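This report refers to the structure that appears directly beneath it.
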Amino acid sequence: KAGVTQTPRYLIKTRGQQVTLSCSPISGHRSVSWYQQTPGQGLQFLFEYFSETQRNKGNFPGRFSGRQFSNSRSEMNVSTLELGDSALYLCASSEQGATEAFFGQGTRLTVV
Amino acid sequence: AQSVTQPDIHITVSEGASLELRCNYSYGATPYLFWYVQSPGQGLQLLLKYFSGDTLVQGIKGFEAEFKRSQSSFNLRKPSVHWSDAAEYFCAGYSGGGADGLTFGKGTHLIIQP
């Protein structure tokens, strides 16, 4: 089986812009979760989608949003980018919740 | 609030020596517990998981972990480390039932001395 695929791998954006990141889960997995990883805060849960519905959301501002399509692929969007949004964004897929989550290689976002 | 703590930020071990990475959890009930490894610039790879039952769980790459309810711990061990084990290791917990994703510890950076 192919693993979790995240695109693009690297992004450089300017403050105030918006960005969309993509995640293709493992075939058959219906749950996709997103995490932000920074040196200061570590790994933090952003949100989880299951069968096109957001089930859970972490403690992030409304500028962070996401969606899931009928083929389980997911996108996350960050609007009005701030310097502090610079991070590695990781996507994880699983059959159900986070009981066995498999991670992609991440998208490295740099906001300048 | 639920939390996962990894007390050691850095650990240095000689190649061929044994390894133990510490992890403590604080949850209302016993969570699902995981260990992940991350190489520089890469995503997270699942090493092993504990859901219930046998408290000693075996994982990939020769790793094992022991769940100790009395100590709220889930320490990762390896009898003999290889230079390729140098990486960042994360312990994580999940309370299940549709809860808010994985809660990660801050990670332990493992350095292997030749």
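Scheme for the structure tokens: letters A, B, ... for chains in order shown; per-chain residue numbers from 1; ligand numbers from 1 in order shown.
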Which residues of chain B have any atom within 10 Å of an atom in chain A when counting only C-alpha atoms, and what is the closest pair of atoms for each, with the distance in Å to one decimal? Order the rows by chain and rising number and write it as JSON lines.
```
{"residue": "B:Tyr32", "atom": "CA", "partner": "A:Thr99", "partner_atom": "CA", "distance": 7.1}
{"residue": "B:Leu33", "atom": "CA", "partner": "A:Thr99", "partner_atom": "CA", "distance": 9.0}
{"residue": "B:Phe34", "atom": "CA", "partner": "A:Glu100", "partner_atom": "CA", "distance": 8.6}
{"residue": "B:Tyr36", "atom": "CA", "partner": "A:Phe103", "partner_atom": "CA", "distance": 9.8}
{"residue": "B:Gln38", "atom": "CA", "partner": "A:Gln105", "partner_atom": "CA", "distance": 9.6}
{"residue": "B:Gly41", "atom": "CA", "partner": "A:Gln105", "partner_atom": "CA", "distance": 7.7}
{"residue": "B:Gln42", "atom": "CA", "partner": "A:Gln105", "partner_atom": "CA", "distance": 5.0}
{"residue": "B:Gly43", "atom": "CA", "partner": "A:Gln105", "partner_atom": "CA", "distance": 3.9}
{"residue": "B:Leu44", "atom": "CA", "partner": "A:Phe103", "partner_atom": "CA", "distance": 5.6}
{"residue": "B:Gln45", "atom": "CA", "partner": "A:Phe103", "partner_atom": "CA", "distance": 6.8}
{"residue": "B:Leu46", "atom": "CA", "partner": "A:Phe102", "partner_atom": "CA", "distance": 7.0}
{"residue": "B:Leu48", "atom": "CA", "partner": "A:Glu100", "partner_atom": "CA", "distance": 9.4}
{"residue": "B:Lys49", "atom": "CA", "partner": "A:Glu100", "partner_atom": "CA", "distance": 7.8}
{"residue": "B:Tyr50", "atom": "CA", "partner": "A:Thr99", "partner_atom": "CA", "distance": 9.6}
{"residue": "B:Phe51", "atom": "CA", "partner": "A:Thr99", "partner_atom": "CA", "distance": 8.4}
{"residue": "B:Phe90", "atom": "CA", "partner": "A:Leu43", "partner_atom": "CA", "distance": 9.3}
{"residue": "B:Ala92", "atom": "CA", "partner": "A:Leu43", "partner_atom": "CA", "distance": 9.9}
{"residue": "B:Gly93", "atom": "CA", "partner": "A:Ala98", "partner_atom": "CA", "distance": 9.2}
{"residue": "B:Tyr94", "atom": "CA", "partner": "A:Ala98", "partner_atom": "CA", "distance": 6.8}
{"residue": "B:Ser95", "atom": "CA", "partner": "A:Ala98", "partner_atom": "CA", "distance": 9.1}
{"residue": "B:Gly96", "atom": "CA", "partner": "A:Thr99", "partner_atom": "CA", "distance": 7.2}
{"residue": "B:Gly97", "atom": "CA", "partner": "A:Gly97", "partner_atom": "CA", "distance": 7.9}
{"residue": "B:Gly98", "atom": "CA", "partner": "A:Gly97", "partner_atom": "CA", "distance": 6.0}
{"residue": "B:Ala99", "atom": "CA", "partner": "A:Asn56", "partner_atom": "CA", "distance": 7.1}
{"residue": "B:Asp100", "atom": "CA", "partner": "A:Asn56", "partner_atom": "CA", "distance": 5.6}
{"residue": "B:Gly101", "atom": "CA", "partner": "A:Ala98", "partner_atom": "CA", "distance": 5.9}
{"residue": "B:Leu102", "atom": "CA", "partner": "A:Ala98", "partner_atom": "CA", "distance": 6.5}
{"residue": "B:Thr103", "atom": "CA", "partner": "A:Gln44", "partner_atom": "CA", "distance": 7.3}
{"residue": "B:Phe104", "atom": "CA", "partner": "A:Leu43", "partner_atom": "CA", "distance": 6.2}
{"residue": "B:Gly105", "atom": "CA", "partner": "A:Gly42", "partner_atom": "CA", "distance": 7.9}
{"residue": "B:Lys106", "atom": "CA", "partner": "A:Gly42", "partner_atom": "CA", "distance": 5.7}
{"residue": "B:Gly107", "atom": "CA", "partner": "A:Gly42", "partner_atom": "CA", "distance": 8.0}
```
Next item on the list: Find the residues near Asn75 (chain B): any atom within 7 Å, counting only C-alpha atoms, skip ones fewer than 3 places away on the same chain, and give them as an MDAnalysis selection string.
Entry: chainID B and resid 20:23 65:66
Would you save the residues from that selection as a PDB file, in the first residue's frame, using all heavy atoms?
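Just written: again_29.pdb:
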```pdb
ATOM      1  N   GLU B  20      17.017   3.258  27.214  1.00  0.00           N
ATOM      2  CA  GLU B  20      15.684   3.396  27.779  1.00  0.00           C
ATOM      3  C   GLU B  20      15.275   4.858  27.709  1.00  0.00           C
ATOM      4  O   GLU B  20      15.976   5.727  28.228  1.00  0.00           O
ATOM      5  CB  GLU B  20      15.600   2.907  29.226  1.00  0.00           C
ATOM      6  CG  GLU B  20      14.173   3.004  29.790  1.00  0.00           C
ATOM      7  CD  GLU B  20      14.006   2.284  31.116  1.00  0.00           C
ATOM      8  OE1 GLU B  20      14.996   2.155  31.876  1.00  0.00           O
ATOM      9  OE2 GLU B  20      12.878   1.828  31.398  1.00  0.00           O
ATOM     10  N   LEU B  21      14.165   5.114  27.064  1.00  0.00           N
ATOM     11  CA  LEU B  21      13.598   6.458  26.979  1.00  0.00           C
ATOM     12  C   LEU B  21      12.332   6.493  27.829  1.00  0.00           C
ATOM     13  O   LEU B  21      11.468   5.630  27.695  1.00  0.00           O
ATOM     14  CB  LEU B  21      13.276   6.833  25.524  1.00  0.00           C
ATOM     15  CG  LEU B  21      14.428   6.782  24.536  1.00  0.00           C
ATOM     16  CD1 LEU B  21      13.958   7.224  23.151  1.00  0.00           C
ATOM     17  CD2 LEU B  21      15.590   7.640  24.994  1.00  0.00           C
ATOM     18  N   ARG B  22      12.235   7.540  28.638  1.00  0.00           N
ATOM     19  CA  ARG B  22      11.134   7.596  29.597  1.00  0.00           C
ATOM     20  C   ARG B  22       9.929   8.364  29.068  1.00  0.00           C
ATOM     21  O   ARG B  22      10.081   9.336  28.323  1.00  0.00           O
ATOM     22  CB  ARG B  22      11.625   8.235  30.893  1.00  0.00           C
ATOM     23  CG  ARG B  22      12.707   7.438  31.608  1.00  0.00           C
ATOM     24  CD  ARG B  22      13.046   8.082  32.929  1.00  0.00           C
ATOM     25  NE  ARG B  22      13.740   9.356  32.760  1.00  0.00           N
ATOM     26  CZ  ARG B  22      13.879  10.258  33.720  1.00  0.00           C
ATOM     27  NH1 ARG B  22      13.350  10.049  34.912  1.00  0.00           N
ATOM     28  NH2 ARG B  22      14.541  11.380  33.493  1.00  0.00           N
ATOM     29  N   CYS B  23       8.772   7.909  29.491  1.00  0.00           N
ATOM     30  CA  CYS B  23       7.518   8.564  29.131  1.00  0.00           C
ATOM     31  C   CYS B  23       6.541   8.390  30.282  1.00  0.00           C
ATOM     32  O   CYS B  23       6.329   7.264  30.761  1.00  0.00           O
ATOM     33  CB  CYS B  23       6.940   7.958  27.856  1.00  0.00           C
ATOM     34  SG  CYS B  23       5.275   8.541  27.440  1.00  0.00           S
ATOM     35  N   ALA B  65       8.422  -1.720  24.606  1.00  0.00           N
ATOM     36  CA  ALA B  65       8.018  -0.756  25.633  1.00  0.00           C
ATOM     37  C   ALA B  65       7.212  -1.490  26.689  1.00  0.00           C
ATOM     38  O   ALA B  65       6.508  -2.460  26.392  1.00  0.00           O
ATOM     39  CB  ALA B  65       7.199   0.375  25.029  1.00  0.00           C
ATOM     40  N   GLU B  66       7.319  -0.996  27.903  1.00  0.00           N
ATOM     41  CA  GLU B  66       6.596  -1.610  29.010  1.00  0.00           C
ATOM     42  C   GLU B  66       5.630  -0.607  29.621  1.00  0.00           C
ATOM     43  O   GLU B  66       6.035   0.496  30.014  1.00  0.00           O
ATOM     44  CB  GLU B  66       7.554  -2.112  30.083  1.00  0.00           C
ATOM     45  CG  GLU B  66       6.838  -2.883  31.199  1.00  0.00           C
ATOM     46  CD  GLU B  66       7.789  -3.568  32.153  1.00  0.00           C
ATOM     47  OE1 GLU B  66       8.995  -3.263  32.128  1.00  0.00           O
ATOM     48  OE2 GLU B  66       7.300  -4.405  32.935  1.00  0.00           O
TER      49      GLU B  66
END
```
Next item on the list: Enumerate, as a VMD selection string, the complete set of residues in chain A that a backbone-based DSSP assignment places in strand (DSSP E).
Entry: chain A and resid 5 to 7 10 to 13 19 to 24 31 to 38 42 to 50 53 to 57 64 to 68 74 to 78 87 to 94 102 to 103 107 to 111
Next item on the list: Please provide the set of residues having any atom within 7 Å of Thr80 (chain A), restricted to only C-alpha atoms, with same-chain residues fewer than 4 positions apart removed, written as a PyMOL selection string.
Entry: chain A and resi 15-18+63
So that I can see what lies close to Leu83 (chain A), please list as a JSON list (two decimals) with N, CA and C atoms, in the first residue's frame the residues with an atom at most 10 Å from it, counting only C-alpha atoms and leaving out residues fewer than 4 positions away in the same chain.
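Result went into result_4.json, see below:
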```
[["chain", "number", "residue", "atom", "x", "y", "z"],
["A", 13, "LYS", "N", 5.79, 31.45, 1.91],
["A", 13, "LYS", "CA", 4.71, 32.40, 1.71],
["A", 13, "LYS", "C", 5.02, 33.69, 2.45],
["A", 14, "THR", "N", 4.33, 34.73, 2.06],
["A", 14, "THR", "CA", 4.49, 36.05, 2.67],
["A", 14, "THR", "C", 3.38, 36.27, 3.68],
["A", 15, "ARG", "N", 3.69, 37.00, 4.73],
["A", 15, "ARG", "CA", 2.68, 37.36, 5.73],
["A", 15, "ARG", "C", 1.43, 37.93, 5.06],
["A", 16, "GLY", "N", 0.29, 37.51, 5.53],
["A", 16, "GLY", "CA", -0.96, 38.01, 4.99],
["A", 16, "GLY", "C", -1.55, 37.14, 3.88],
["A", 87, "ALA", "N", 6.07, 26.34, 10.25],
["A", 87, "ALA", "CA", 6.06, 25.06, 10.96],
["A", 87, "ALA", "C", 6.11, 23.92, 9.96],
["A", 110, "THR", "N", 7.18, 28.02, 5.44],
["A", 110, "THR", "CA", 7.95, 29.16, 5.94],
["A", 110, "THR", "C", 7.22, 30.43, 5.56],
["A", 111, "VAL", "N", 6.92, 31.25, 6.56],
["A", 111, "VAL", "CA", 6.25, 32.52, 6.33],
["A", 111, "VAL", "C", 7.27, 33.64, 6.53],
["A", 112, "VAL", "N", 7.42, 34.47, 5.51],
["A", 112, "VAL", "CA", 8.42, 35.55, 5.58],
["A", 112, "VAL", "C", 7.76, 36.92, 5.51]]
```
